[in-house]
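Asks: Sharing query-v9.cif here; it has mmCIF, C-alpha atoms.
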data_query
loop_
_atom_site.label_atom_id
_atom_site.label_comp_id
_atom_site.auth_asym_id
_atom_site.auth_seq_id
_atom_site.Cartn_x
_atom_site.Cartn_y
_atom_site.Cartn_z
CA PRO A 1 -13.45 40.26 3.15
CA ASP A 2 -9.80 40.20 2.19
CA VAL A 3 -8.62 36.78 3.42
CA PRO A 4 -4.83 36.17 3.26
CA PRO A 5 -3.58 32.99 1.63
CA LEU A 6 -3.02 30.08 4.00
CA PHE A 7 0.66 29.56 3.17
CA THR A 8 1.67 33.20 3.59
CA GLN A 9 -0.29 34.27 6.64
CA LYS A 10 1.55 34.95 9.88
CA GLY A 11 0.64 34.74 13.51
CA ALA A 12 -1.49 32.13 15.25
CA GLY A 13 -2.99 30.73 12.06
CA ARG A 14 0.38 30.02 10.52
CA ALA A 15 1.73 28.64 13.80
CA ALA A 16 -1.13 26.13 13.99
CA PHE A 17 -0.50 25.06 10.41
CA ASP A 18 3.25 24.67 11.04
CA LYS A 19 2.54 22.57 14.13
CA LEU A 20 0.18 20.29 12.21
CA TRP A 21 2.65 19.96 9.34
CA TRP A 22 5.50 19.11 11.74
CA GLN A 23 3.40 16.53 13.60
CA GLN A 24 2.30 14.78 10.41
CA THR A 25 5.89 14.76 9.13
CA GLN A 26 7.12 13.21 12.37
CA ASP A 27 4.36 10.58 12.30
CA GLU A 28 5.28 9.65 8.73
CA LEU A 29 8.98 9.40 9.61
CA VAL A 30 8.23 7.14 12.56
CA ARG A 31 5.89 4.99 10.48
CA GLU A 32 8.51 4.66 7.74
CA ALA A 33 11.22 3.77 10.27
CA ILE A 34 9.10 1.10 11.97
CA HIS A 35 7.08 -0.31 9.10
CA GLY A 36 9.19 0.66 6.09
CA PRO A 37 10.88 -1.79 3.70
CA ASP A 38 13.70 -3.94 5.06
CA ASP A 39 17.29 -3.77 3.78
CA ASP A 40 16.84 -6.63 1.29
CA GLU A 41 13.79 -4.97 -0.24
CA VAL A 42 15.60 -1.63 -0.52
CA ARG A 43 18.57 -3.27 -2.25
CA LEU A 44 16.20 -5.07 -4.63
CA HIS A 45 14.47 -1.82 -5.59
CA VAL A 46 17.82 -0.12 -6.16
CA ALA A 47 19.04 -3.01 -8.34
CA LYS A 48 15.83 -2.93 -10.37
CA ARG A 49 16.09 0.83 -10.89
CA VAL A 50 19.75 0.64 -11.96
CA PHE A 51 19.07 -2.23 -14.35
CA ALA A 52 16.00 -0.47 -15.82
CA CYS A 53 17.94 2.76 -16.42
CA LYS A 54 20.85 0.93 -18.04
CA TYR A 55 18.68 -1.28 -20.27
CA GLY A 56 16.41 1.62 -21.22
CA HIS A 57 19.43 3.71 -22.22
CA GLN A 58 20.76 0.87 -24.37
CA LEU A 59 17.45 0.42 -26.18
CA THR A 60 16.98 4.15 -26.73
CA ARG A 61 20.49 4.55 -28.10
CA ARG A 62 19.97 1.59 -30.45
CA TYR A 63 16.61 2.81 -31.74
CA MET A 64 17.83 6.38 -32.25
CA ARG A 65 20.05 5.03 -35.03
CA ILE A 66 17.05 3.92 -37.09
CA LYS A 67 16.77 6.20 -40.09
CA ASN A 68 13.10 5.62 -40.84
CA ASN A 69 11.19 8.19 -38.78
CA ARG A 70 7.99 6.21 -38.37
CA ARG A 71 9.77 3.00 -37.39
CA ARG A 72 12.07 4.88 -35.00
CA LYS A 73 9.14 6.53 -33.21
CA THR A 74 7.31 3.21 -32.94
CA LYS A 75 10.33 1.50 -31.41
CA ILE A 76 11.05 4.31 -28.95
CA ALA A 77 7.42 4.34 -27.83
CA LYS A 78 7.75 0.69 -26.80
CA VAL A 79 10.91 1.18 -24.73
CA ASP A 80 9.14 1.54 -21.36
CA ALA A 81 7.09 -1.63 -21.85
CA MET A 82 10.15 -3.58 -22.98
CA VAL A 83 12.17 -2.37 -20.00
CA GLU A 84 9.39 -3.33 -17.59
CA ALA A 85 9.12 -6.82 -19.11
CA LYS A 86 12.91 -7.26 -18.97
CA VAL A 87 13.03 -6.20 -15.30
CA ARG A 88 10.29 -8.70 -14.41
CA GLU A 89 12.16 -11.44 -16.23
CA ARG A 90 15.53 -10.55 -14.72
CA PHE A 91 14.29 -10.24 -11.13
CA LYS A 92 11.72 -13.01 -11.20
CA PRO A 93 11.42 -14.41 -7.63
CA GLN A 94 12.75 -17.88 -7.08
CA GLU A 95 10.10 -20.49 -6.40
CA THR A 96 11.70 -22.02 -3.29
CA PRO A 97 10.13 -22.69 0.12
CA ILE A 98 12.45 -20.17 1.78
CA GLN A 99 11.69 -17.45 -0.75
CA PHE A 100 7.97 -18.21 -0.52
CA ARG A 101 8.12 -17.79 3.27
CA ILE A 102 10.05 -14.51 2.94
CA GLU A 103 7.53 -13.13 0.43
CA LYS A 104 4.64 -14.15 2.66
CA GLN A 105 6.21 -12.42 5.67
CA ARG A 106 6.83 -9.29 3.60
CA GLU A 107 3.24 -9.32 2.34
CA GLU A 108 1.90 -9.64 5.88
CA ARG A 109 4.10 -6.74 6.98
CA GLN A 110 2.82 -4.59 4.12
CA ASP A 111 -0.75 -5.50 5.06
CA SER A 112 -0.09 -4.27 8.60
CA VAL A 113 1.14 -0.95 7.23
CA ARG A 114 -1.96 -0.57 5.04
CA VAL A 115 -4.23 -1.27 8.00
CA LEU A 116 -2.33 1.26 10.12
CA GLN A 117 -2.62 3.90 7.40
CA GLY A 118 -6.32 3.12 7.10
CA GLY A 119 -6.86 4.27 10.69
CA PHE A 120 -6.95 0.92 12.54
CA HIS A 121 -4.09 -0.64 14.46
CA PRO A 122 -2.89 -3.92 12.85
CA ASP A 123 -2.51 -5.57 16.27
CA LEU A 124 -6.30 -5.28 16.65
CA VAL A 125 -7.09 -7.25 13.48
CA PHE A 126 -7.20 -11.04 13.70
CA LEU A 127 -8.00 -13.86 11.28
CA ALA A 128 -10.25 -16.75 12.24
CA PRO A 129 -9.13 -20.27 11.24
CA GLY A 130 -10.24 -21.26 7.76
CA VAL A 131 -9.84 -17.86 6.05
CA ALA A 132 -8.00 -18.39 2.74
CA ASP A 133 -5.15 -16.19 1.48
CA ASP A 134 -7.26 -14.52 -1.21
CA GLN A 135 -9.98 -13.83 1.37
CA ARG A 136 -7.37 -12.37 3.74
CA ARG A 137 -6.12 -10.00 1.02
CA GLU A 138 -9.65 -8.85 0.24
CA ALA A 139 -10.35 -8.34 3.95
CA VAL A 140 -7.25 -6.13 4.25
CA ARG A 141 -8.46 -4.07 1.28
CA ARG A 142 -11.81 -3.57 2.97
CA VAL A 143 -10.31 -2.72 6.37
CA CYS A 144 -8.25 -0.04 4.58
CA GLY A 145 -11.28 1.21 2.64
CA MET A 146 -9.70 0.40 -0.73
CA ASN A 147 -13.02 -1.00 -1.99
CA LEU A 148 -14.97 2.18 -1.24
CA GLU A 149 -15.95 4.66 -3.93
CA SER A 150 -17.92 7.14 -1.84
CA ASP A 151 -16.17 9.73 0.34
CA ALA A 152 -19.05 9.41 2.79
CA ASP A 153 -18.46 5.66 3.19
CA PHE A 154 -14.73 6.25 3.69
CA TRP A 155 -15.43 8.91 6.31
CA LEU A 156 -17.81 6.50 8.04
CA LEU A 157 -15.20 3.72 8.03
CA GLU A 158 -12.47 5.99 9.45
CA ASN A 159 -14.71 7.13 12.29
CA LEU A 160 -15.82 3.57 12.97
CA TRP A 161 -12.20 2.43 13.38
CA LYS A 162 -11.49 5.52 15.49
CA ALA A 163 -14.37 4.66 17.81
CA MET A 164 -13.30 1.02 18.12
CA ARG A 165 -9.67 1.79 18.91
CA GLY A 166 -10.54 4.76 21.10
CA THR A 167 -12.35 2.75 23.77
CA SER A 168 -10.57 1.34 26.81
CA PRO A 169 -9.73 -1.38 26.11
CA PRO A 170 -9.82 -1.14 22.29
CA VAL A 171 -12.23 -3.44 20.44
CA PRO A 172 -10.46 -6.03 18.24
CA LEU A 173 -11.77 -7.04 14.82
CA VAL A 174 -11.85 -10.74 13.90
CA VAL A 175 -12.19 -11.56 10.20
CA ALA A 176 -14.00 -14.86 9.64
CA GLU A 177 -15.46 -16.74 6.69
CA LYS A 178 -19.00 -15.51 7.40
CA ASP A 179 -21.37 -13.85 9.87
CA TYR A 180 -21.45 -10.49 11.62
CA LYS A 181 -21.41 -11.02 15.38
CA ALA A 182 -20.60 -8.91 18.44
CA HIS A 183 -19.02 -11.05 21.16
CA ALA A 184 -19.77 -8.87 24.17
CA ASP A 185 -18.33 -11.27 26.74
CA ALA A 186 -15.03 -11.77 24.87
CA GLY A 187 -14.90 -8.11 23.80
CA PHE A 188 -14.44 -8.37 20.03
CA ILE A 189 -16.42 -7.97 16.81
CA GLN A 190 -16.55 -10.68 14.15
CA VAL A 191 -17.06 -9.78 10.49
CA PRO A 192 -16.95 -11.81 7.27
CA TRP A 193 -13.98 -11.30 4.97
CA ASN A 194 -16.21 -9.50 2.44
CA PHE A 195 -17.88 -7.20 4.97
CA THR A 196 -19.44 -3.89 4.00
CA VAL A 197 -19.29 -0.67 5.99
CA LEU A 198 -23.03 -0.10 6.17
CA THR A 199 -23.76 -3.65 7.36
CA LEU A 200 -20.98 -3.44 9.94
CA CYS A 201 -22.41 -0.19 11.33
CA ASP A 202 -25.89 -1.72 11.59
#
Written as structure tokens, how would this file's structure read?

Replies:
Amino acid sequence: PDVPPLFTQKGAGRAAFDKLWWQQTQDELVREAIHGPDDDEVRLHVAKRVFACKYGHQLTRRYMRIKNNRRRKTKIAKVDAMVEAKVRERFKPQETPIQFRIEKQREERQDSVRVLQGGFHPDLVFLAPGVADDQRREAVRRVCGMNLESDADFWLLENLWKAMRGTSPPVPLVVAEKDYKAHADAGFIQVPWNFTVLTLCD
């Protein structure tokens, strides 16, 4: 049969697509407004971009004056790496207690966004005492499905989170150092920081 392209069809099919597109756009705008970068982070990114453009232009202009073709091409090919190294050196974070606390808060906020994008609400994820920072980061990766290679496993994880947050009340997830355990009386599920999807489903 002669099936019209999705993006050019009219009528009910196109209306449903437009509605879905509008809803997803609104959800993304709300997510960005609530969980997006703060003003300091935005200014930092702008300053990095301006500095990188200026320094890259200076290097390119300098290397374009080299008469030897082979040497000129070699130098120009290294411009991006040199600019990146210069930006890291110029905007290296200060090792102060205040800056360390700010970076930790920003990292926790970014983790919440990743969990939310992964299909689970960040307010439903808790850390048990004793979980180290590196274990917390790995747990966030696994909650978001960033460790999965199979589409089937990712689909399973998304539907698992959907089922847990879809109950009334939602079922919280507590990340601990070890052990899978369902606390029926307290109403939460405990998983180790290096949990796997298949073991969690079992």

Asks: Which of these residues is nearest to Ala184 (chain A), using all atoms listed in the file: A:Val171, A:Cys53, A:Leu20, A:Val46?

Replies: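 Using all atoms listed in the file, the shortest distance to Ala184 (chain A) belongs to A:Val171.
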
Asks: Expand the PyMOL selection byres ((chain A and resi 154) around 12) into the individual residues it matches in the shown file, reporting them as a compact mmCIF listing (two decimals) with C-alpha atoms, in the frame of the given file.

Replies:
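File written: selection-v2.txt
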# COMPACT_ATOMS: atom_id res chain seq x y z
CA GLY A 118 -6.32 3.12 7.10
CA GLY A 119 -6.86 4.27 10.69
CA ARG A 142 -11.81 -3.57 2.97
CA VAL A 143 -10.31 -2.72 6.37
CA CYS A 144 -8.25 -0.04 4.58
CA GLY A 145 -11.28 1.21 2.64
CA MET A 146 -9.70 0.40 -0.73
CA ASN A 147 -13.02 -1.00 -1.99
CA LEU A 148 -14.97 2.18 -1.24
CA GLU A 149 -15.95 4.66 -3.93
CA SER A 150 -17.92 7.14 -1.84
CA ASP A 151 -16.17 9.73 0.34
CA ALA A 152 -19.05 9.41 2.79
CA ASP A 153 -18.46 5.66 3.19
CA TRP A 155 -15.43 8.91 6.31
CA LEU A 156 -17.81 6.50 8.04
CA LEU A 157 -15.20 3.72 8.03
CA GLU A 158 -12.47 5.99 9.45
CA ASN A 159 -14.71 7.13 12.29
CA LEU A 160 -15.82 3.57 12.97
CA TRP A 161 -12.20 2.43 13.38
CA THR A 196 -19.44 -3.89 4.00
CA VAL A 197 -19.29 -0.67 5.99
CA LEU A 198 -23.03 -0.10 6.17

Asks: To one decimal place in Å, what is the distance between CA of Val79 (chain A) and CA of Pro93 (chain A)?

Replies: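 According to the coordinates, CA of Val79 (chain A) and CA of Pro93 (chain A) are separated by 23.1 Å.
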
Asks: Enter the distance from CA of Arg61 (chain A) to CA of Val42 (chain A), in Å, rounded to one decimal.

Replies: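 Interatomic distance here is 28.7 Å.
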
Asks: Quick one: distance from CA of Gln135 (chain A) to CA of Val191 (chain A) in Å, one decimal?

Replies: 12.2 Å

Asks: Please evaluate the PyMOL selection byres ((chain A and resi 164) around 12) against the displayed coordinates and give the resulting residues as a PyMOL selection string.

Replies: chain A and resi 119-121+124-125+157-163+165-173+187-189+201

Asks: Give the answer as one residue: which of A:Val50, A:Glu41, A:Arg136, A:Ala77 has the shortest atom-to-atom distance to Tyr63 (chain A), using only C-alpha atoms?

Replies: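 Smallest separation from Tyr63 (chain A) among the options: A:Ala77.
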
Asks: For Val87 (chain A), which residue among A:Lys67, A:Lys48, A:His57, A:Lys73 is the nearest when counting all atoms listed in the file?

Replies: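 Among the listed residues, A:Lys48 lies closest to Val87 (chain A).
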